[in-house]
Amino acid sequence: MMMHTLPIKRHAQLLLTAAVSLMATPTFCAELYPLWELGAGIGGLTLPDYRGSDEQRNLLFPIPYLIYRGEILKVDRERIRGLLVKTETVELNFSLNGSPPVKSNNNKAREGMPDLDPTLEFGPQLNVLLWEDEPDYKLTFQLPLRQVIATDLNSAHNAGLISNPILNLDINNMGQQGWNLGLSGGPVFANQTYHQYFYGVPAAYETVDRPAYDASGGYSGTQLTLALSKRFPDFWTGAFIRVYDLHGVVFDSSPLLRQNMSFMAGIGVTWIFSRSDTQVIADD
């Protein structure tokens, strides 16, 4: 597998969304932490061009580290969140996510088709605490609903809606060594617009080996994630693996779906070089 070389703008978009993916599983341990922290690091990532692609990319990229633990606005390794409602067991927030770009000339299944622009996903997310044994265990149900916008920074268009309800189990300070384990999984659902963007083949791009295909909305697979992380006084390190099972998806007949199992994995280290003197109680 080869490292892709992209124009500077597309490379920056790819690094941003790859960094989001690498830091995608949070851990929870209510303690005193600085209100904000700044740092930087480096990460490695392997990921498919898109879920169901039979082509994989390897990336090495810088990781910006920005943490803000405000009462309303929270910025962490997982996402930017705006808290809308919070009780002891229920939290409603506004969150962001995204996916990296794909250059179609570097993907045999999509050769000759338009590139896939990076996507920005945004929308509400409901988190429900199902069980907690402080400070070591926490089980939550998470239900996001996100609007997807595809953009090359010059123009943007609607790329559908996506939702991936999951059960998330966090196990903190395993063996009293400070390592945190995250396990999460659940189905993915998306509407017709989303599936058409990734898996549809307009008639203009039909070939002998790639018939025209119109996708429909519905079941989009199941994802399972395992993440491990540890925070040291001046740096943080983490790794994860995520597996996608695409058996039985509504776009099963798409010629762009080349395999029913996909995975992505990553590892990263970030150094913290500046922090606030103000301390707040937070789930980190």
# chains A, B, ... in the order shown; residues from 1 in each chain; ligands from 1
$ residues_around --residues "Asp234 in chain A" --least-positions-apart "4" --cutoff "9 Å" --atoms "only C-alpha atoms" --output "short mmCIF file (atom, residue, chain, number, x, y, z; two decimals) with C-alpha atoms, in the first residue's frame"
data_model
loop_
_atom_site.label_atom_id
_atom_site.label_comp_id
_atom_site.auth_asym_id
_atom_site.auth_seq_id
_atom_site.Cartn_x
_atom_site.Cartn_y
_atom_site.Cartn_z
CA THR A 270 0.64 13.99 21.66
CA TRP A 271 2.78 16.19 23.89
CA ILE A 272 1.06 18.80 26.09
CA PHE A 273 3.14 21.98 26.22
#
$ select_by_dssp --residues "range 20-249 of chain A" --states "strand (DSSP E or B)" --output "mmCIF file with C-alpha atoms, in the first residue's frame"
data_model
loop_
_atom_site.group_PDB
_atom_site.id
_atom_site.type_symbol
_atom_site.label_atom_id
_atom_site.label_comp_id
_atom_site.auth_asym_id
_atom_site.auth_seq_id
_atom_site.Cartn_x
_atom_site.Cartn_y
_atom_site.Cartn_z
ATOM 1 C CA ALA A 30 -14.272 12.501 36.703
ATOM 2 C CA GLU A 31 -11.277 14.338 38.188
ATOM 3 C CA LEU A 32 -9.792 17.806 38.308
ATOM 4 C CA TYR A 33 -8.247 18.864 35.004
ATOM 5 C CA PRO A 34 -7.030 22.185 33.529
ATOM 6 C CA TRP A 36 -7.743 24.127 28.625
ATOM 7 C CA GLU A 37 -4.664 22.378 27.267
ATOM 8 C CA LEU A 38 -2.586 22.795 24.101
ATOM 9 C CA GLY A 39 -0.221 20.356 22.508
ATOM 10 C CA ALA A 40 0.853 18.582 19.344
ATOM 11 C CA GLY A 41 1.915 15.122 18.300
ATOM 12 C CA ILE A 42 2.132 12.576 15.549
ATOM 13 C CA GLY A 43 -0.122 9.743 14.461
ATOM 14 C CA GLY A 44 -0.318 6.854 12.031
ATOM 15 C CA LEU A 45 -3.501 5.603 10.419
ATOM 16 C CA THR A 46 -4.597 2.892 8.024
ATOM 17 C CA LEU A 47 -8.097 3.197 6.555
ATOM 18 C CA PRO A 48 -10.145 2.173 3.512
ATOM 19 C CA GLN A 56 -6.477 0.822 1.889
ATOM 20 C CA ARG A 57 -4.357 3.894 2.638
ATOM 21 C CA ASN A 58 -1.543 4.345 5.171
ATOM 22 C CA LEU A 59 -0.980 7.816 6.586
ATOM 23 C CA LEU A 60 1.519 9.512 8.876
ATOM 24 C CA PHE A 61 0.356 12.929 10.018
ATOM 25 C CA PRO A 62 0.658 15.616 12.711
ATOM 26 C CA ILE A 63 -1.986 15.721 15.438
ATOM 27 C CA PRO A 64 -3.130 19.033 16.921
ATOM 28 C CA TYR A 65 -4.074 18.666 20.597
ATOM 29 C CA LEU A 66 -6.676 21.108 21.910
ATOM 30 C CA ILE A 67 -8.792 20.452 24.984
ATOM 31 C CA TYR A 68 -11.356 22.900 26.375
ATOM 32 C CA ARG A 69 -13.544 21.849 29.305
ATOM 33 C CA LEU A 73 -18.608 24.298 24.995
ATOM 34 C CA LYS A 74 -16.322 21.275 25.168
ATOM 35 C CA VAL A 75 -13.497 20.492 22.761
ATOM 36 C CA ILE A 80 -16.407 19.639 19.384
ATOM 37 C CA ARG A 81 -19.505 19.554 21.557
ATOM 38 C CA GLY A 82 -22.001 22.205 22.531
ATOM 39 C CA LEU A 83 -23.995 21.032 25.523
ATOM 40 C CA LEU A 84 -27.720 21.671 25.087
ATOM 41 C CA VAL A 85 -29.155 19.643 27.986
ATOM 42 C CA LYS A 86 -27.409 17.752 30.778
ATOM 43 C CA VAL A 90 -28.981 12.231 30.060
ATOM 44 C CA GLU A 91 -26.920 14.599 27.936
ATOM 45 C CA LEU A 92 -27.937 16.262 24.677
ATOM 46 C CA ASN A 93 -25.153 17.951 22.791
ATOM 47 C CA PHE A 94 -24.249 19.300 19.373
ATOM 48 C CA SER A 95 -21.331 17.476 17.795
ATOM 49 C CA LEU A 96 -19.150 17.405 14.702
ATOM 50 C CA ASN A 97 -17.517 14.579 12.768
ATOM 51 C CA GLY A 98 -16.203 14.008 9.251
ATOM 52 C CA SER A 99 -14.636 11.749 6.636
ATOM 53 C CA VAL A 102 -10.927 10.145 -1.958
ATOM 54 C CA LEU A 116 -15.237 12.113 -3.129
ATOM 55 C CA THR A 119 -17.420 15.486 4.458
ATOM 56 C CA LEU A 120 -18.411 17.486 7.503
ATOM 57 C CA GLU A 121 -21.039 15.872 9.742
ATOM 58 C CA PHE A 122 -22.924 17.933 12.317
ATOM 59 C CA GLY A 123 -26.034 17.511 14.413
ATOM 60 C CA PRO A 124 -27.461 16.605 17.820
ATOM 61 C CA GLN A 125 -26.353 13.604 19.867
ATOM 62 C CA LEU A 126 -28.225 12.048 22.775
ATOM 63 C CA ASN A 127 -26.122 10.281 25.440
ATOM 64 C CA VAL A 128 -27.871 8.168 28.087
ATOM 65 C CA LEU A 129 -25.992 6.763 31.088
ATOM 66 C CA LEU A 130 -27.090 3.136 31.499
ATOM 67 C CA TRP A 131 -24.719 1.976 34.235
ATOM 68 C CA GLU A 132 -21.775 3.370 36.162
ATOM 69 C CA ASP A 133 -19.420 2.033 38.794
ATOM 70 C CA TYR A 137 -16.740 1.528 34.581
ATOM 71 C CA LYS A 138 -19.245 3.459 32.524
ATOM 72 C CA LEU A 139 -21.830 2.175 30.019
ATOM 73 C CA THR A 140 -23.661 4.666 27.812
ATOM 74 C CA PHE A 141 -26.062 4.610 24.896
ATOM 75 C CA GLN A 142 -25.237 7.223 22.274
ATOM 76 C CA LEU A 143 -27.600 8.321 19.501
ATOM 77 C CA PRO A 144 -26.247 10.876 17.028
ATOM 78 C CA ARG A 146 -25.886 14.217 11.661
ATOM 79 C CA GLN A 147 -26.360 16.222 8.503
ATOM 80 C CA VAL A 148 -23.541 15.476 6.055
ATOM 81 C CA ILE A 149 -22.036 18.210 3.872
ATOM 82 C CA ALA A 150 -19.414 17.400 1.230
ATOM 83 C CA THR A 151 -17.043 20.267 0.477
ATOM 84 C CA ALA A 156 -20.416 22.507 -0.712
ATOM 85 C CA HIS A 157 -23.420 20.281 -1.246
ATOM 86 C CA ASN A 158 -25.778 18.089 0.742
ATOM 87 C CA ALA A 159 -24.461 14.519 1.146
ATOM 88 C CA GLY A 160 -27.313 13.150 3.238
ATOM 89 C CA LEU A 161 -28.065 12.125 6.813
ATOM 90 C CA ILE A 162 -26.357 9.480 8.947
ATOM 91 C CA SER A 163 -27.009 7.975 12.373
ATOM 92 C CA ILE A 166 -23.999 2.649 19.759
ATOM 93 C CA LEU A 167 -23.408 1.115 23.168
ATOM 94 C CA ASN A 168 -20.152 2.407 24.642
ATOM 95 C CA LEU A 169 -18.324 0.793 27.575
ATOM 96 C CA ASP A 170 -15.373 2.582 29.186
ATOM 97 C CA ILE A 171 -13.037 0.775 31.569
ATOM 98 C CA ASN A 172 -10.678 3.172 33.325
ATOM 99 C CA ASN A 173 -7.307 2.667 35.014
ATOM 100 C CA MET A 174 -7.021 -1.026 34.169
ATOM 101 C CA TRP A 179 -4.651 2.597 30.912
ATOM 102 C CA ASN A 180 -8.198 3.238 29.688
ATOM 103 C CA LEU A 181 -10.088 0.809 27.464
ATOM 104 C CA GLY A 182 -13.065 1.747 25.313
ATOM 105 C CA LEU A 183 -15.403 -0.742 23.635
ATOM 106 C CA SER A 184 -18.259 0.417 21.421
ATOM 107 C CA GLY A 185 -20.476 -0.922 18.688
ATOM 108 C CA GLY A 186 -23.765 -0.617 16.897
ATOM 109 C CA PRO A 187 -25.555 -0.347 13.554
ATOM 110 C CA VAL A 188 -25.226 2.497 11.062
ATOM 111 C CA PHE A 189 -28.154 3.959 9.122
ATOM 112 C CA ALA A 190 -28.127 6.567 6.360
ATOM 113 C CA VAL A 201 -23.060 5.127 -10.091
ATOM 114 C CA TYR A 213 -26.613 1.970 -9.791
ATOM 115 C CA GLY A 218 -31.604 2.278 5.207
ATOM 116 C CA TYR A 219 -29.199 -0.109 6.911
ATOM 117 C CA SER A 220 -25.579 0.852 6.285
ATOM 118 C CA GLY A 221 -23.683 -1.792 8.252
ATOM 119 C CA THR A 222 -22.383 -2.308 11.777
ATOM 120 C CA GLN A 223 -19.237 -0.890 13.328
ATOM 121 C CA LEU A 224 -17.223 -2.163 16.305
ATOM 122 C CA THR A 225 -14.428 -0.153 17.932
ATOM 123 C CA LEU A 226 -11.725 -1.060 20.456
ATOM 124 C CA ALA A 227 -9.584 1.777 21.831
ATOM 125 C CA LEU A 228 -6.780 1.951 24.388
ATOM 126 C CA SER A 229 -5.271 5.130 25.806
ATOM 127 C CA LYS A 230 -3.221 6.487 28.672
ATOM 128 C CA ARG A 231 -2.565 9.991 29.888
ATOM 129 C CA PHE A 235 1.712 13.593 27.035
ATOM 130 C CA TRP A 236 -1.138 11.357 25.898
ATOM 131 C CA THR A 237 -0.950 8.174 23.843
ATOM 132 C CA GLY A 238 -3.686 6.070 22.309
ATOM 133 C CA ALA A 239 -4.503 3.444 19.707
ATOM 134 C CA PHE A 240 -7.678 2.036 18.209
ATOM 135 C CA ILE A 241 -9.067 -0.438 15.708
ATOM 136 C CA ARG A 242 -12.514 -0.190 14.099
ATOM 137 C CA VAL A 243 -14.168 -2.945 12.066
ATOM 138 C CA TYR A 244 -17.073 -2.393 9.666
ATOM 139 C CA ASP A 245 -19.397 -5.290 8.797
#
$ closest_residue --among "A:Lys103, A:Arg275, A:Arg110, A:His195" --to "Leu256 in chain A" --atoms "only C-alpha atoms"
A:Arg110
$ atom_distance --atom1 "CA of Arg210 in chain A" --atom2 "CA of Ser254 in chain A"
8.8 Å
$ closest_residue --among "A:Asn107, A:Ser253, A:Asp136, A:Asp277" --to "Gly178 in chain A" --atoms "only C-alpha atoms"
A:Asp136
